[in-house]
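Q: A single structure is presented below for examination.
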Amino acid sequence: MSDFGLVRVMGEDENTNLHVPVPPHREGGTSFPSPHEIPAGHHDKPDIDCAGFDTRELAYGLLRVLNDEDEAVGAWDPGLDADTLRNALAHMVRIRAYDDRMMKMQRQGRLSFYMKCLGEEAVSVGAAMAMEDRDIVIPSYRQQGLLFVRGRSLVDMISHCITNSNDNVKGRQMPVHYSWKEGNFVSISSPVGTQFPQAVGAAMAFAYRGEDSIACSWLGEGTSAQGDFHYGLNFASVYKAPCVLVIVNNQWAISTHRNIAHGGPSFAARGIPYDVASMRVDGQDFLAVYAAHKWATERARAGHGPTLLEMYTYRGDSHSSSDDPSIYRPSDEYESWPLGDPVDRLIAHLVKLGEWDDERQAALETQCKDEIIAAYKEAETHGTLKDGPFPPVSTLFEDVYEKEPWHLLEQRGEVGL
Amino acid sequence: MAQMNIIQAVNSAMHTMFERDETVVSFGEDAGFYGGVFRCTSGLQEKFGKHRSFDTPLAEGGIMGIAIGMGMNGLRPVAEIQFADYIFPGFDQITNELAKLRYRSGGEYSAPVTIRTPCGGGSKGGHYHSQSPEAYFTHTPGLKVVICSNPYDAKGLLISSIECNDPVIFFEPKRLYNGPFDGDHSAAMVKWDSHPKGEVPEGYYNIPLGKAEIVRPGKDVTILCYGTMVHVASAAAENSGIDAEIIDLRTLVPIDIDAIEDSVKKTGRCVIVHEAPRTSGFGAELMSLVQERCFWHLEGPVQRVTGWDTPYPHSLEWDYFPSQARITEAMKATMED
């Protein structure tokens, strides 16, 4: 038994002083924490060379551009033209169609695993559109939108997800762990948070060479509990690294509510003590996401240092194909989300501008669906999860080192290769 | 007796120990309300309260740190690391702090922490949901390392681990959670209810740490193995007709050296099997022990069948995972002369 013995009897919660937070709801209910009560257009736009501390109101506030009448208002309105907005919408609709198709294929056993980004489409599309393709991105596993905006081939993405002979990562990773060097998209790792200090290092390398490219990285609010999150912020601040660090606060880390990750009112506010410019952004508002990234990217490019962005959003679907959220959260929570759905809100804005209608939306959806079905068929010509062909067995021993040392050559010999 | 799979057996051990000892607490990522992503801790929070079974922030270093603090201050924590592949942010706390606390304080302090973590491959998990990192921990003085291979042992060994006043890393091979697995991935899934070790008492019992089990007696060759490989090796013996003695080590540190010596001295031949990569794997330690203690009894070279020295692959999993065929080849190789 324990060296210290039992001090007090513990059996019921009332017999203990240990505080363990619980989510506001397990079933039903819509009373979310309410940064959405901050109106669109509320916040001023600081100069890009401001001190980190000068962004504290944004860190505790909420950057919104689209108001309840679907108009773009305030100092942060990025003033995008209708073609650009339609382009953003097309990306988001295509991602949604892709996710739906892939999850359906997973349910049929044609993928081993899948993760959707329902509700978070604007988070990655807005970021990618505000950056240059030369900027390096080190994402987490729910930013597939970056690949769409940067123009990755759908066939190649699907080939990775079904680990066929056309998978550029040679079947070594689970689905959705994309890597695409040509698009400056770094290989995704499952261990959470490791990418933050890595992004800071990548940014330091740009600065070292005197280049004006930047690095951008994403992690979830649950992951902000990891040491790597804090290492990243501190190193970014010390070296004024040209990077944009993003916390995607989608409220849930598998079953863990955000109030287990952090008891305070804002994740973005964690950047202020590190003297990192920080702001919380309505992640369902494409214009706000774009504007925040544009500001942070320009700040980094001009040598004024890092920015921490909290994208306030909601994980609209399960964590992954292995997860059943009905056990731990209300099933109608996403529909009740006070900040709405990013696709619906961008459509409403375009309609308000007279630049979109139901007919064009329906045509876009059909087009995206058809594209993805065609791409899936083409990807399967390179092999299926069930029957292959897979990458050759010899690839098992490649890329462990640049050149295979004797012991790997010998092991390769043991399987007759 | 009840029929249980390993998930239910682990869960039963947790409930049993929560009942018996009010200092036992359990925590980890998704391990409280949800009961863990594999549901090994389900029902604990509901029955015993959220101060005894709770969710943590996603921070393995923090989980290990609070486990040590609670352990040194009178509690008996059972911390879950969601996958063994994610134990590394906690590595410093485990190897430099938890393992050395008793030694560095001259025996004044200790922390009776149990770390439960699912390990191993066979589930299409790629390299971040398939690793077998036991050798990092067997190499650290101060830690005990346990790995179960069936429901009956899982419960008995976990209870002993929780009761142990030294820190224990308790590995749960996740490919075995729902049924034994002999390495034939194309065969239909087998459940534990057809296996004698799927019979598990509902109440308290324990299996002492440091005791191996002969799961199949034989006279031709000794196979030293643990976890999922116990089932693959047993099938290799059955299907090849070689009369192998299969030893499920169950505890890697402290190892049951008598069981190893007795068997190898009897058979004169030895094959070592594990899923983890070969270089500096636990098999290297086993081979050294056999060489040091049984050299004059050996009639053939000791063989190792292991994962390759590569990261664990996703699509080529079955080219990596040690197969019955490779084990049979190794048995034949040590019996050639």
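Each chain of the structure tokens is named A, B, ... in the order shown, its residues numbered from 1; ligands are numbered from 1 in display order.
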At a cut-off of 7 Å, using only C-alpha atoms, what residues contact stretch 17-26 of chain A? Leave out same-chain residues fewer than 2 positions from it and give the result as a list in words.
A: Gly28, Gly29, His257, Asn259, Ile260, Tyr328, Arg329 and Pro330 of chain A; Lys50 and His51 of chain B
Q: Skipping near chain neighbours, those fewer than 3 positions away, what residues fall within 8 Å of A:Ala253 using only C-alpha atoms, listed as a list in words?
A: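 Skipping anything fewer than 3 positions along the chain leaves Gly220, Glu221, Gly222, Asn250, Thr256, His257, Arg258 and His319 of chain A.
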Q: Got a sec to tell me which of stretch 286-347 of chain A DSSP assigns to alpha helix (DSSP H), as a PyMOL selection string?
A: chain A and resi 286-301+342-347
Q: Quote the spacing between atom CA of B:Tyr320 and atom CA of B:Phe88 in Å to one decimal place.
A: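 Atom-to-atom, atom CA of B:Tyr320 to atom CA of B:Phe88, that is 22.6 Å.
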Q: Which residues of chain B are close to chain A, meaning at most 7 Å apart when you count only C-alpha atoms, and how do they look as a list in words?
A: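 So the residues of chain B near chain A are Glu22, Thr23, Asp30, Tyr34, Phe48, Gly49, Lys50, His51, Thr56, Pro57, Leu58, Ala59, Asn73, Gly74, Leu75, Arg76, Tyr86, Gly125, Gly126, His127, Tyr128, Glu163, Trp308, Asp309, Thr310, Pro313, His314, Ser315 and Leu316 of chain B.
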Q: Let me see the file: selected residues, N, CA and C atoms, as a compact mmCIF listing (two decimals), in the first residue's frame.
A:
```
# COMPACT_ATOMS: atom_id res chain seq x y z
N GLU B 22 -8.97 2.90 -1.89
CA GLU B 22 -9.47 4.23 -2.24
C GLU B 22 -8.37 5.19 -2.66
N THR B 23 -7.13 4.76 -2.58
CA THR B 23 -6.05 5.64 -3.07
C THR B 23 -5.80 5.43 -4.56
N ASP B 30 -9.07 11.31 -22.74
CA ASP B 30 -10.34 10.64 -23.02
C ASP B 30 -10.62 9.47 -22.07
N TYR B 34 -15.46 9.34 -21.09
CA TYR B 34 -15.58 8.45 -22.25
C TYR B 34 -15.10 7.04 -21.92
N PHE B 48 -17.37 5.82 -9.37
CA PHE B 48 -16.51 6.25 -8.26
C PHE B 48 -16.28 7.76 -8.19
N GLY B 49 -16.79 8.48 -9.18
CA GLY B 49 -16.65 9.93 -9.13
C GLY B 49 -15.52 10.43 -9.99
N LYS B 50 -15.66 11.71 -10.39
CA LYS B 50 -14.69 12.24 -11.34
C LYS B 50 -13.39 12.67 -10.69
N HIS B 51 -13.33 12.63 -9.36
CA HIS B 51 -12.03 12.88 -8.73
C HIS B 51 -11.16 11.63 -8.75
N THR B 56 -7.71 14.26 -18.76
CA THR B 56 -6.59 15.19 -18.61
C THR B 56 -6.43 16.01 -19.88
N PRO B 57 -5.72 17.13 -19.75
CA PRO B 57 -5.26 17.81 -20.96
C PRO B 57 -4.38 16.87 -21.79
N LEU B 58 -4.25 17.21 -23.07
CA LEU B 58 -3.45 16.37 -23.98
C LEU B 58 -1.98 16.70 -23.78
N ALA B 59 -1.35 16.09 -22.80
CA ALA B 59 0.03 16.42 -22.50
C ALA B 59 0.62 15.26 -21.70
N ASN B 73 2.69 11.36 -2.94
CA ASN B 73 1.89 11.93 -1.86
C ASN B 73 0.66 11.08 -1.55
N GLY B 74 0.85 9.78 -1.52
CA GLY B 74 -0.14 8.91 -0.90
C GLY B 74 -1.17 8.28 -1.82
N LEU B 75 -1.19 8.63 -3.10
CA LEU B 75 -2.15 7.98 -4.00
C LEU B 75 -1.44 6.91 -4.82
N ARG B 76 -2.25 6.14 -5.51
CA ARG B 76 -1.73 5.02 -6.30
C ARG B 76 -2.29 5.19 -7.72
N TYR B 86 2.64 7.45 -28.22
CA TYR B 86 2.54 8.83 -27.71
C TYR B 86 3.15 9.00 -26.33
N GLY B 125 -2.32 0.59 -38.19
CA GLY B 125 -2.18 1.87 -37.50
C GLY B 125 -1.02 2.73 -37.98
N GLY B 126 -0.25 2.22 -38.94
CA GLY B 126 0.90 3.01 -39.39
C GLY B 126 1.90 3.20 -38.26
N HIS B 127 2.91 4.06 -38.49
CA HIS B 127 3.98 4.10 -37.49
C HIS B 127 3.66 4.88 -36.23
N TYR B 128 2.52 5.56 -36.17
CA TYR B 128 2.18 6.26 -34.94
C TYR B 128 1.09 5.58 -34.12
N GLU B 163 -0.70 -2.87 -7.39
CA GLU B 163 -0.29 -3.09 -6.00
C GLU B 163 1.21 -2.93 -5.78
N TRP B 308 11.53 -5.37 -38.64
CA TRP B 308 12.74 -4.88 -39.31
C TRP B 308 13.19 -3.56 -38.67
N ASP B 309 14.41 -3.18 -38.98
CA ASP B 309 14.94 -1.91 -38.46
C ASP B 309 14.45 -0.73 -39.29
N THR B 310 13.15 -0.66 -39.42
CA THR B 310 12.51 0.44 -40.17
C THR B 310 11.37 0.95 -39.29
N PRO B 313 5.39 0.24 -40.94
CA PRO B 313 4.69 0.74 -42.14
C PRO B 313 3.17 0.60 -42.04
N HIS B 314 2.48 1.26 -42.93
CA HIS B 314 1.02 1.15 -42.98
C HIS B 314 0.58 0.08 -43.98
N SER B 315 0.78 0.34 -45.28
CA SER B 315 0.22 -0.62 -46.26
C SER B 315 1.02 -1.92 -46.30
N LEU B 316 2.31 -1.86 -45.98
CA LEU B 316 3.13 -3.07 -46.03
C LEU B 316 3.25 -3.72 -44.65
```
Q: Which parts of stretch 41-228 of chain B does DSSP call strand (DSSP E or B) when run on the backbone here, written out as a short mmCIF file (atom, residue, chain, number, x, y, z; two decimals) with C-alpha atoms, in the first residue's frame?
A:
```
data_model
loop_
_atom_site.label_atom_id
_atom_site.label_comp_id
_atom_site.auth_asym_id
_atom_site.auth_seq_id
_atom_site.Cartn_x
_atom_site.Cartn_y
_atom_site.Cartn_z
CA SER B 53 -11.30 8.77 -12.83
CA PHE B 54 -10.80 11.89 -14.88
CA ASP B 55 -9.87 13.37 -18.24
CA ARG B 76 -1.73 5.02 -6.30
CA PRO B 77 -2.23 6.42 -9.79
CA VAL B 78 -2.95 4.39 -12.90
CA ALA B 79 -2.18 6.71 -15.81
CA GLU B 80 -3.25 5.87 -19.32
CA THR B 114 1.21 2.21 -13.10
CA ILE B 115 1.33 3.40 -16.70
CA ARG B 116 -1.15 1.54 -18.89
CA THR B 117 -0.66 1.84 -22.61
CA PRO B 118 -1.85 -0.02 -25.73
CA CYS B 119 1.06 -1.11 -27.92
CA LYS B 144 9.22 -2.69 -14.06
CA VAL B 145 7.91 -3.63 -17.47
CA VAL B 146 4.92 -5.94 -17.96
CA ILE B 147 3.12 -7.06 -21.11
CA VAL B 168 5.29 -0.33 -13.65
CA ILE B 169 4.77 0.16 -17.36
CA PHE B 170 1.94 -2.12 -18.35
CA PHE B 171 1.72 -2.77 -22.08
CA GLU B 172 -1.56 -3.95 -23.61
CA PRO B 173 -1.10 -5.36 -27.13
CA GLU B 199 -12.28 -17.14 -18.62
CA VAL B 200 -11.67 -14.49 -16.00
CA GLU B 213 4.40 -18.96 -18.19
CA ILE B 214 5.03 -22.00 -20.35
CA VAL B 215 2.04 -21.78 -22.68
CA ARG B 216 3.09 -24.82 -24.69
CA VAL B 221 13.34 -25.67 -29.19
CA THR B 222 12.47 -22.88 -26.75
CA ILE B 223 10.66 -19.83 -28.06
CA LEU B 224 10.92 -16.73 -25.86
CA CYS B 225 8.17 -14.26 -26.69
#
```
Q: List as a list in words the protein and nucleic acid residues near B:Asp153, meaning an atom at most 8 Å away when only C-alpha atoms are counted, but skip any in the same chain fewer than 4 places from it.
A: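 Surrounding residues, per the criterion: Cys148, Ser149, Leu157, Lys197 and Ile207 of chain B.
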Q: Quote the spacing between atom CA of A:Pro139 and atom CA of A:Trp218 in Å to one decimal place.
A: 5.0 Å
Q: For B:Met335, work out the shell of residues within 12 Å, counting only C-alpha atoms and skipping chain neighbours fewer than 5 positions away, then give it as number ranges by chain.
A: B: 219-222, 242-244, 267-271, 298-303, 328-330
Q: Which residue is closest to B:Thr95? Choose from B:Phe83, B:Phe137, B:Phe38, B:Phe181 and count only C-alpha atoms.
A: B:Phe137
Q: Name all residues at most 9 Å from stretch 274-284 of chain A (count only C-alpha atoms; drop same-chain ones fewer than 5 positions away) and give them as a PDB file with N, CA and C atoms, in the first residue's frame.
A:
```pdb
ATOM      1  N   PRO A  35     -18.281  34.559 -27.136  1.00  0.00           N
ATOM      2  CA  PRO A  35     -17.540  35.621 -27.808  1.00  0.00           C
ATOM      3  C   PRO A  35     -18.301  36.126 -29.027  1.00  0.00           C
ATOM      4  N   HIS A  36     -19.278  35.312 -29.520  1.00  0.00           N
ATOM      5  CA  HIS A  36     -20.020  35.739 -30.715  1.00  0.00           C
ATOM      6  C   HIS A  36     -20.902  36.942 -30.424  1.00  0.00           C
ATOM      7  N   CYS A  50       3.052  46.616 -34.712  1.00  0.00           N
ATOM      8  CA  CYS A  50       2.706  46.889 -33.311  1.00  0.00           C
ATOM      9  C   CYS A  50       3.376  45.880 -32.376  1.00  0.00           C
ATOM     10  N   ALA A  51       3.415  46.234 -31.094  1.00  0.00           N
ATOM     11  CA  ALA A  51       3.936  45.288 -30.093  1.00  0.00           C
ATOM     12  C   ALA A  51       2.899  44.188 -29.869  1.00  0.00           C
ATOM     13  N   GLY A  52       3.364  43.025 -29.461  1.00  0.00           N
ATOM     14  CA  GLY A  52       2.440  41.931 -29.189  1.00  0.00           C
ATOM     15  C   GLY A  52       1.360  42.344 -28.198  1.00  0.00           C
ATOM     16  N   PHE A  53       1.775  43.080 -27.173  1.00  0.00           N
ATOM     17  CA  PHE A  53       0.851  43.491 -26.114  1.00  0.00           C
ATOM     18  C   PHE A  53      -0.300  44.342 -26.657  1.00  0.00           C
ATOM     19  N   ASP A  54      -0.026  45.088 -27.743  1.00  0.00           N
ATOM     20  CA  ASP A  54      -1.057  45.974 -28.309  1.00  0.00           C
ATOM     21  C   ASP A  54      -2.217  45.211 -28.948  1.00  0.00           C
ATOM     22  N   THR A  55      -2.092  43.909 -29.064  1.00  0.00           N
ATOM     23  CA  THR A  55      -3.182  43.127 -29.665  1.00  0.00           C
ATOM     24  C   THR A  55      -4.071  42.481 -28.608  1.00  0.00           C
ATOM     25  N   ARG A  56      -3.903  42.881 -27.329  1.00  0.00           N
ATOM     26  CA  ARG A  56      -4.573  42.125 -26.266  1.00  0.00           C
ATOM     27  C   ARG A  56      -6.091  42.163 -26.366  1.00  0.00           C
ATOM     28  N   GLU A  57      -6.649  43.262 -26.880  1.00  0.00           N
ATOM     29  CA  GLU A  57      -8.117  43.283 -27.004  1.00  0.00           C
ATOM     30  C   GLU A  57      -8.588  42.257 -28.022  1.00  0.00           C
ATOM     31  N   LEU A  58      -7.816  42.112 -29.093  1.00  0.00           N
ATOM     32  CA  LEU A  58      -8.162  41.099 -30.097  1.00  0.00           C
ATOM     33  C   LEU A  58      -7.972  39.688 -29.540  1.00  0.00           C
ATOM     34  N   ALA A  59      -7.003  39.543 -28.648  1.00  0.00           N
ATOM     35  CA  ALA A  59      -6.736  38.216 -28.080  1.00  0.00           C
ATOM     36  C   ALA A  59      -7.894  37.748 -27.203  1.00  0.00           C
ATOM     37  N   TYR A  60      -8.538  38.693 -26.524  1.00  0.00           N
ATOM     38  CA  TYR A  60      -9.685  38.342 -25.685  1.00  0.00           C
ATOM     39  C   TYR A  60     -11.013  38.569 -26.407  1.00  0.00           C
ATOM     40  N   GLY A  61     -10.958  39.248 -27.564  1.00  0.00           N
ATOM     41  CA  GLY A  61     -12.184  39.573 -28.289  1.00  0.00           C
ATOM     42  C   GLY A  61     -12.500  38.539 -29.349  1.00  0.00           C
ATOM     43  N   LEU A  62     -13.097  38.991 -30.438  1.00  0.00           N
ATOM     44  CA  LEU A  62     -13.387  38.087 -31.557  1.00  0.00           C
ATOM     45  C   LEU A  62     -13.411  38.909 -32.834  1.00  0.00           C
ATOM     46  N   LEU A  63     -12.487  38.585 -33.717  1.00  0.00           N
ATOM     47  CA  LEU A  63     -12.425  39.279 -34.993  1.00  0.00           C
ATOM     48  C   LEU A  63     -13.489  38.729 -35.920  1.00  0.00           C
ATOM     49  N   ARG A  64     -14.456  39.591 -36.279  1.00  0.00           N
ATOM     50  CA  ARG A  64     -15.539  39.194 -37.192  1.00  0.00           C
ATOM     51  C   ARG A  64     -15.672  40.252 -38.264  1.00  0.00           C
ATOM     52  N   VAL A  65     -15.935  39.847 -39.479  1.00  0.00           N
ATOM     53  CA  VAL A  65     -16.147  40.787 -40.582  1.00  0.00           C
ATOM     54  C   VAL A  65     -17.588  40.718 -41.063  1.00  0.00           C
ATOM     55  N   GLY A 119     -17.118  22.040 -41.005  1.00  0.00           N
ATOM     56  CA  GLY A 119     -17.200  23.209 -40.124  1.00  0.00           C
ATOM     57  C   GLY A 119     -15.914  24.005 -40.075  1.00  0.00           C
ATOM     58  N   GLU A 120     -14.810  23.394 -40.513  1.00  0.00           N
ATOM     59  CA  GLU A 120     -13.507  24.049 -40.411  1.00  0.00           C
ATOM     60  C   GLU A 120     -12.915  24.371 -41.777  1.00  0.00           C
ATOM     61  N   GLU A 121     -13.747  24.354 -42.811  1.00  0.00           N
ATOM     62  CA  GLU A 121     -13.228  24.554 -44.169  1.00  0.00           C
ATOM     63  C   GLU A 121     -12.617  25.930 -44.352  1.00  0.00           C
ATOM     64  N   ALA A 122     -13.262  26.968 -43.754  1.00  0.00           N
ATOM     65  CA  ALA A 122     -12.759  28.334 -43.945  1.00  0.00           C
ATOM     66  C   ALA A 122     -11.395  28.511 -43.277  1.00  0.00           C
ATOM     67  N   VAL A 123     -11.157  27.759 -42.216  1.00  0.00           N
ATOM     68  CA  VAL A 123      -9.906  27.907 -41.453  1.00  0.00           C
ATOM     69  C   VAL A 123      -8.697  27.672 -42.348  1.00  0.00           C
ATOM     70  N   LEU A 233       5.834  28.990 -29.052  1.00  0.00           N
ATOM     71  CA  LEU A 233       5.543  30.407 -28.819  1.00  0.00           C
ATOM     72  C   LEU A 233       6.769  31.157 -28.305  1.00  0.00           C
ATOM     73  N   ASN A 234       7.453  30.547 -27.356  1.00  0.00           N
ATOM     74  CA  ASN A 234       8.586  31.245 -26.751  1.00  0.00           C
ATOM     75  C   ASN A 234       9.737  31.416 -27.741  1.00  0.00           C
ATOM     76  N   ALA A 236       9.498  31.452 -30.971  1.00  0.00           N
ATOM     77  CA  ALA A 236       9.051  32.392 -32.006  1.00  0.00           C
ATOM     78  C   ALA A 236       9.240  33.822 -31.529  1.00  0.00           C
ATOM     79  N   SER A 237       8.920  34.048 -30.267  1.00  0.00           N
ATOM     80  CA  SER A 237       9.036  35.386 -29.693  1.00  0.00           C
ATOM     81  C   SER A 237      10.499  35.801 -29.557  1.00  0.00           C
ATOM     82  N   VAL A 238      11.332  34.914 -29.040  1.00  0.00           N
ATOM     83  CA  VAL A 238      12.749  35.227 -28.814  1.00  0.00           C
ATOM     84  C   VAL A 238      13.428  35.623 -30.126  1.00  0.00           C
ATOM     85  N   LYS A 240      11.910  36.416 -33.007  1.00  0.00           N
ATOM     86  CA  LYS A 240      11.026  37.145 -33.923  1.00  0.00           C
ATOM     87  C   LYS A 240      10.841  36.369 -35.219  1.00  0.00           C
ATOM     88  N   VAL A 248      -6.543  25.880 -33.734  1.00  0.00           N
ATOM     89  CA  VAL A 248      -7.897  25.650 -34.236  1.00  0.00           C
ATOM     90  C   VAL A 248      -8.737  25.199 -33.038  1.00  0.00           C
ATOM     91  N   ASN A 249      -9.482  26.137 -32.484  1.00  0.00           N
ATOM     92  CA  ASN A 249     -10.316  25.804 -31.326  1.00  0.00           C
ATOM     93  C   ASN A 249     -11.663  25.316 -31.829  1.00  0.00           C
ATOM     94  N   ASN A 250     -11.739  23.992 -32.050  1.00  0.00           N
ATOM     95  CA  ASN A 250     -13.001  23.422 -32.548  1.00  0.00           C
ATOM     96  C   ASN A 250     -13.797  22.779 -31.408  1.00  0.00           C
ATOM     97  N   SER A 266      -9.838  32.460 -23.167  1.00  0.00           N
ATOM     98  CA  SER A 266      -9.347  32.583 -24.536  1.00  0.00           C
ATOM     99  C   SER A 266      -8.037  31.837 -24.705  1.00  0.00           C
ATOM    100  N   PHE A 267      -7.928  31.066 -25.774  1.00  0.00           N
ATOM    101  CA  PHE A 267      -6.651  30.410 -26.079  1.00  0.00           C
ATOM    102  C   PHE A 267      -5.680  31.413 -26.692  1.00  0.00           C
ATOM    103  N   ALA A 268      -6.217  32.343 -27.485  1.00  0.00           N
ATOM    104  CA  ALA A 268      -5.346  33.324 -28.136  1.00  0.00           C
ATOM    105  C   ALA A 268      -4.577  34.127 -27.089  1.00  0.00           C
ATOM    106  N   ALA A 269      -5.227  34.354 -25.945  1.00  0.00           N
ATOM    107  CA  ALA A 269      -4.609  35.190 -24.909  1.00  0.00           C
ATOM    108  C   ALA A 269      -3.314  34.593 -24.377  1.00  0.00           C
ATOM    109  N   VAL A 289     -11.165  35.146 -41.331  1.00  0.00           N
ATOM    110  CA  VAL A 289     -10.007  34.246 -41.358  1.00  0.00           C
ATOM    111  C   VAL A 289      -8.968  34.787 -42.341  1.00  0.00           C
ATOM    112  N   ALA A 292      -7.298  38.084 -41.027  1.00  0.00           N
ATOM    113  CA  ALA A 292      -6.355  37.863 -39.923  1.00  0.00           C
ATOM    114  C   ALA A 292      -5.052  37.276 -40.455  1.00  0.00           C
ATOM    115  N   ALA A 296      -1.301  38.908 -40.377  1.00  0.00           N
ATOM    116  CA  ALA A 296      -0.215  38.183 -39.704  1.00  0.00           C
ATOM    117  C   ALA A 296       0.905  37.843 -40.683  1.00  0.00           C
ATOM    118  N   GLY A 305       7.790  39.867 -36.735  1.00  0.00           N
ATOM    119  CA  GLY A 305       7.642  38.749 -35.811  1.00  0.00           C
ATOM    120  C   GLY A 305       6.373  37.940 -35.969  1.00  0.00           C
ATOM    121  N   PRO A 306       6.188  37.001 -35.041  1.00  0.00           N
ATOM    122  CA  PRO A 306       5.135  35.996 -35.145  1.00  0.00           C
ATOM    123  C   PRO A 306       3.759  36.509 -34.708  1.00  0.00           C
ATOM    124  N   THR A 307       2.738  35.759 -35.124  1.00  0.00           N
ATOM    125  CA  THR A 307       1.372  36.016 -34.659  1.00  0.00           C
ATOM    126  C   THR A 307       0.741  34.684 -34.261  1.00  0.00           C
ATOM    127  N   LEU A 308      -0.027  34.727 -33.192  1.00  0.00           N
ATOM    128  CA  LEU A 308      -0.817  33.563 -32.765  1.00  0.00           C
ATOM    129  C   LEU A 308      -2.289  33.849 -33.080  1.00  0.00           C
ATOM    130  N   LEU A 309      -2.903  32.967 -33.857  1.00  0.00           N
ATOM    131  CA  LEU A 309      -4.319  33.127 -34.188  1.00  0.00           C
ATOM    132  C   LEU A 309      -5.108  31.974 -33.568  1.00  0.00           C
ATOM    133  N   GLU A 310      -6.181  32.300 -32.866  1.00  0.00           N
ATOM    134  CA  GLU A 310      -7.119  31.256 -32.428  1.00  0.00           C
ATOM    135  C   GLU A 310      -8.301  31.271 -33.376  1.00  0.00           C
ATOM    136  N   MET A 311      -8.512  30.193 -34.087  1.00  0.00           N
ATOM    137  CA  MET A 311      -9.679  30.092 -34.962  1.00  0.00           C
ATOM    138  C   MET A 311     -10.810  29.475 -34.151  1.00  0.00           C
ATOM    139  N   TYR A 312     -11.794  30.288 -33.862  1.00  0.00           N
ATOM    140  CA  TYR A 312     -12.905  29.839 -33.014  1.00  0.00           C
ATOM    141  C   TYR A 312     -13.932  29.148 -33.911  1.00  0.00           C
ATOM    142  N   THR A 313     -14.006  27.821 -33.808  1.00  0.00           N
ATOM    143  CA  THR A 313     -14.817  27.061 -34.747  1.00  0.00           C
ATOM    144  C   THR A 313     -15.448  25.871 -34.047  1.00  0.00           C
ATOM    145  N   TYR A 314     -15.952  24.944 -34.808  1.00  0.00           N
ATOM    146  CA  TYR A 314     -16.592  23.774 -34.219  1.00  0.00           C
ATOM    147  C   TYR A 314     -16.325  22.552 -35.080  1.00  0.00           C
ATOM    148  N   LEU A 339     -22.170  30.637 -34.326  1.00  0.00           N
ATOM    149  CA  LEU A 339     -21.463  31.314 -35.405  1.00  0.00           C
ATOM    150  C   LEU A 339     -21.708  30.661 -36.760  1.00  0.00           C
ATOM    151  N   GLY A 340     -22.583  29.685 -36.794  1.00  0.00           N
ATOM    152  CA  GLY A 340     -23.041  29.152 -38.068  1.00  0.00           C
ATOM    153  C   GLY A 340     -22.032  28.272 -38.785  1.00  0.00           C
ATOM    154  N   ASP A 341     -22.310  28.096 -40.068  1.00  0.00           N
ATOM    155  CA  ASP A 341     -21.511  27.202 -40.901  1.00  0.00           C
ATOM    156  C   ASP A 341     -20.757  28.053 -41.930  1.00  0.00           C
ATOM    157  N   PRO A 342     -19.464  27.781 -42.134  1.00  0.00           N
ATOM    158  CA  PRO A 342     -18.666  28.672 -42.985  1.00  0.00           C
ATOM    159  C   PRO A 342     -19.131  28.709 -44.442  1.00  0.00           C
ATOM    160  N   VAL A 343     -19.601  27.578 -44.947  1.00  0.00           N
ATOM    161  CA  VAL A 343     -20.061  27.551 -46.348  1.00  0.00           C
ATOM    162  C   VAL A 343     -21.359  28.344 -46.470  1.00  0.00           C
ATOM    163  N   ARG A 345     -22.435  30.695 -44.657  1.00  0.00           N
ATOM    164  CA  ARG A 345     -22.258  32.143 -44.441  1.00  0.00           C
ATOM    165  C   ARG A 345     -21.616  32.822 -45.646  1.00  0.00           C
ATOM    166  N   LEU A 346     -20.700  32.132 -46.304  1.00  0.00           N
ATOM    167  CA  LEU A 346     -20.096  32.746 -47.493  1.00  0.00           C
ATOM    168  C   LEU A 346     -21.106  32.799 -48.634  1.00  0.00           C
TER     169      LEU A 346
END
```
Q: Which of these, A:Arg360, A:His382, A:His177, A:His349, has the shortest distance to A:Asp285 once you count only C-alpha atoms?
A: A:His349
Q: With a distance cut-off of 8 Å and only C-alpha atoms, select the neighbouring residues of B:Arg39, excluding the residue or stretch itself and same-chain residues fewer than 5 positions from it, and output the selection as a PDB file with N, CA and C atoms, in the first residue's frame.
A:
```pdb
ATOM      1  N   ILE B   7     -10.005  -5.976 -23.036  1.00  0.00           N
ATOM      2  CA  ILE B   7     -10.557  -4.679 -22.622  1.00  0.00           C
ATOM      3  C   ILE B   7     -11.390  -4.850 -21.349  1.00  0.00           C
ATOM      4  N   ASN B  11     -10.609  -3.563 -17.585  1.00  0.00           N
ATOM      5  CA  ASN B  11     -11.659  -2.787 -16.928  1.00  0.00           C
ATOM      6  C   ASN B  11     -12.049  -3.422 -15.591  1.00  0.00           C
ATOM      7  N   ALA B  31      -9.855   9.361 -21.000  1.00  0.00           N
ATOM      8  CA  ALA B  31      -9.953   8.184 -20.131  1.00  0.00           C
ATOM      9  C   ALA B  31     -11.011   8.336 -19.037  1.00  0.00           C
ATOM     10  N   TYR B  34     -15.457   9.343 -21.091  1.00  0.00           N
ATOM     11  CA  TYR B  34     -15.584   8.452 -22.254  1.00  0.00           C
ATOM     12  C   TYR B  34     -15.102   7.039 -21.920  1.00  0.00           C
TER      13      TYR B  34
END
```
Q: Report as a list in words all protein, DNA and RNA residues lying within 12 Å of A:Lys181, evaluated on only C-alpha atoms, omitting residues in the same chain fewer than 6 positions from it.
A: Asp133, Arg134, Asp135, Ile136, Val137, Ile138, Leu147, Arg150, Arg152, Asn168, Val169, Ser187 and Ile188 of chain A
